[in-house]
Amino acid sequence: MYSILFLVSSVLIVSLAVPLKSGPAYQTDDYYTLEGIEQYLKGLAKSYSHRVSVKEIGRSYENRSLNTITITNGDGRSGKKAIFIDAGIHAREWLAHTTALNIINQLVVNFKENKELLQDHDWIVLPLVNPDGYHYSRSIDKCWRKNRRPSSENCVGIDLNRNFGSGWSLGDADSDPCGITYMGPGSFTEPESRAVQGVLHEIADAGRGIMYISFHSSAYEILLPWGYKKVKATNYKEHEAVATAGQRAIKKTFSSEYIVKPIYGMYVAGGASSDYAYSLGFRLSYTWELPGERNGSEFEFHPPKELIKELVNETWIGVRAMGVKVAEIFRDN
């Protein structure tokens with residue numbers, strides 16, 4: 001009897017002394033590889049299976065996985081409104097991918113500090129829309145923008161953010177198959193844009209679409225619909241109020257000055273994902289242009305590695321403030 005008690009006590013002491021196994025650690029020492037992104041998502045889903053799940057929503061032209069991660073608070077409530085975030089539509093915008101991973105890390109690993117954001121909303125994140133282009137950008141041509149499907153006999157790539165259905169072919173959308181903003185032969189011709197389309201439809205058709213954010217770089221702007229026409233969104237004031245909450249939170253903490261304006265204020269361009277999400281019924285839809293400079297030093301799409309941590313944390317401050325504002329405005333919706 002005493003031996004059993006001693007054994008149980010020893011096991012209890014050991015179990016308390018040894019920390020519980022945690023999920024994979026998010027890092028800002030370097031930009032993530034394709035494999036690193038996939039391993040990070042799968043690791044979180046395994047370690048936090050009660051409130052995190054990973055789903056393959058499609059395959060790229062070169063047959064790479066497109067994976068979303070759905071983050072909940074684990075209360076089992078179905079039908080919550082959803083915030084959908086994607087990143088990396090344009091391959092060369094490396095900061096976008098790791099920004100999305102940091103948001104995932106904040107919501108999953110730092111759940112206690114951010115649980116209010118998940119009380120009434122699920123967050124769905126697709127951190128890498130264009131894996132083929134990203135692989136090519138990281139290994140061959142760092143300024144590569146498009147996907148990797150051949151567009152003509154001599155050229156490769158379709159600009160995925162000109163391939164969505166809203167206003168396709170209008171404005172700054174190139175019909176030249178060799179052009180940097182080539183829109184493709186039609187809307188949704190690409191497996192990557194179709195995969196995003198599928199998720200957007202699934203969320204919107206269920207009446208769950210409350211906010212969509214697509215991360216890009218590098219202009220220090222939070223952009224509101226519309227982009228394919230010079231018209232403000234019907235609920236522009238709601239868009240502006242939520243975006244301004246993020247803008248002010250960032251300025252207060254980091255002194256960085258984001259500009260909030262319609263997409264068409266940058267340029268008129270059809271076929272963008274944020275216009276499409278808004279057209280489907282997402283209440284709020286944004287294109288978020290991440291910084292391309294810091295303290296007067298320009299780096300455009302590829303910030304120095306030593307700035308990654310500061311930049312992703314800056315963005316999280318803004319995203320968090322927008323999430324709080326969404327919960328405040330749409331609490332009963």
# chains A, B, ... in the order shown; residues from 1 in each chain; ligands from 1
call {"tool": "residues_around", "arguments": {"residues": "His302 of chain A", "least_positions_apart": "3", "cutoff": "7 Å", "atoms": "only C-alpha atoms", "output": "list of chain:residue names"}}
result
A:Glu93, A:Trp94, A:Leu95, A:Phe299
call {"tool": "residues_around", "arguments": {"residues": "Glu116 of chain A", "least_positions_apart": "2", "cutoff": "10 Å", "atoms": "only C-alpha atoms", "output": "compact mmCIF listing (two decimals) with N, CA and C atoms, in the first residue's frame"}}
result
# COMPACT_ATOMS: atom_id res chain seq x y z
N ASN A 73 -12.22 29.11 -29.86
CA ASN A 73 -11.91 29.10 -28.43
C ASN A 73 -12.24 27.76 -27.78
N LEU A 107 -3.19 34.13 -31.62
CA LEU A 107 -4.53 33.61 -31.32
C LEU A 107 -4.48 32.21 -30.71
N PHE A 111 -3.34 32.49 -26.39
CA PHE A 111 -4.81 32.49 -26.32
C PHE A 111 -5.33 33.26 -25.11
N LYS A 112 -4.73 33.08 -23.94
CA LYS A 112 -5.24 33.72 -22.73
C LYS A 112 -5.27 35.23 -22.86
N GLU A 113 -4.24 35.80 -23.50
CA GLU A 113 -4.18 37.25 -23.65
C GLU A 113 -5.16 37.75 -24.71
N ASN A 114 -5.63 36.86 -25.59
CA ASN A 114 -6.44 37.28 -26.73
C ASN A 114 -7.77 36.55 -26.85
N LEU A 118 -11.87 35.62 -29.71
CA LEU A 118 -12.43 34.35 -30.16
C LEU A 118 -13.74 33.99 -29.46
N GLN A 119 -14.24 34.89 -28.66
CA GLN A 119 -15.48 34.60 -27.93
C GLN A 119 -16.66 34.42 -28.88
N ASP A 120 -16.78 35.33 -29.83
CA ASP A 120 -17.91 35.29 -30.75
C ASP A 120 -17.50 35.14 -32.21
N HIS A 121 -16.22 34.98 -32.45
CA HIS A 121 -15.73 34.87 -33.83
C HIS A 121 -14.70 33.75 -33.95
N GLY A 323 -9.96 43.66 -34.51
CA GLY A 323 -10.78 42.56 -34.02
C GLY A 323 -11.64 42.97 -32.85
N VAL A 324 -11.07 43.75 -31.95
CA VAL A 324 -11.82 44.26 -30.79
C VAL A 324 -12.95 45.18 -31.27
N ALA A 327 -15.83 43.20 -32.75
CA ALA A 327 -16.64 42.60 -31.68
C ALA A 327 -17.55 43.63 -31.03
call {"tool": "closest_residue", "arguments": {"among": "A:Glu293, A:Glu328, A:Asp172, A:Glu221", "to": "Lys261 of chain A", "atoms": "only C-alpha atoms"}}
result
A:Glu221
call {"tool": "select_by_dssp", "arguments": {"residues": "segment 185-333 of chain A", "states": "helix (DSSP H, G or I)", "output": "number ranges by chain"}}
result
A: 191-205, 236-254, 263-265, 273-280, 305-329
call {"tool": "closest_residue", "arguments": {"among": "A:Met211, A:Ser137, A:Pro225, A:Ile103", "to": "Val319 of chain A", "atoms": "only C-alpha atoms"}}
result
A:Ile103
call {"tool": "select_by_dssp", "arguments": {"residues": "segment 43-221 of chain A", "states": "strand (DSSP E or B)", "output": "number ranges by chain"}}
result
A: 52-59, 65-71, 81-87, 121-126, 150, 156, 171, 174, 182, 209-217, 221
call {"tool": "residues_around", "arguments": {"residues": "Ala277 of chain A", "least_positions_apart": "2", "cutoff": "9 Å", "atoms": "only C-alpha atoms", "output": "ChimeraX atom specification"}}
result
/A:166,197,200-201,204,209,211-212,272-275,279-285
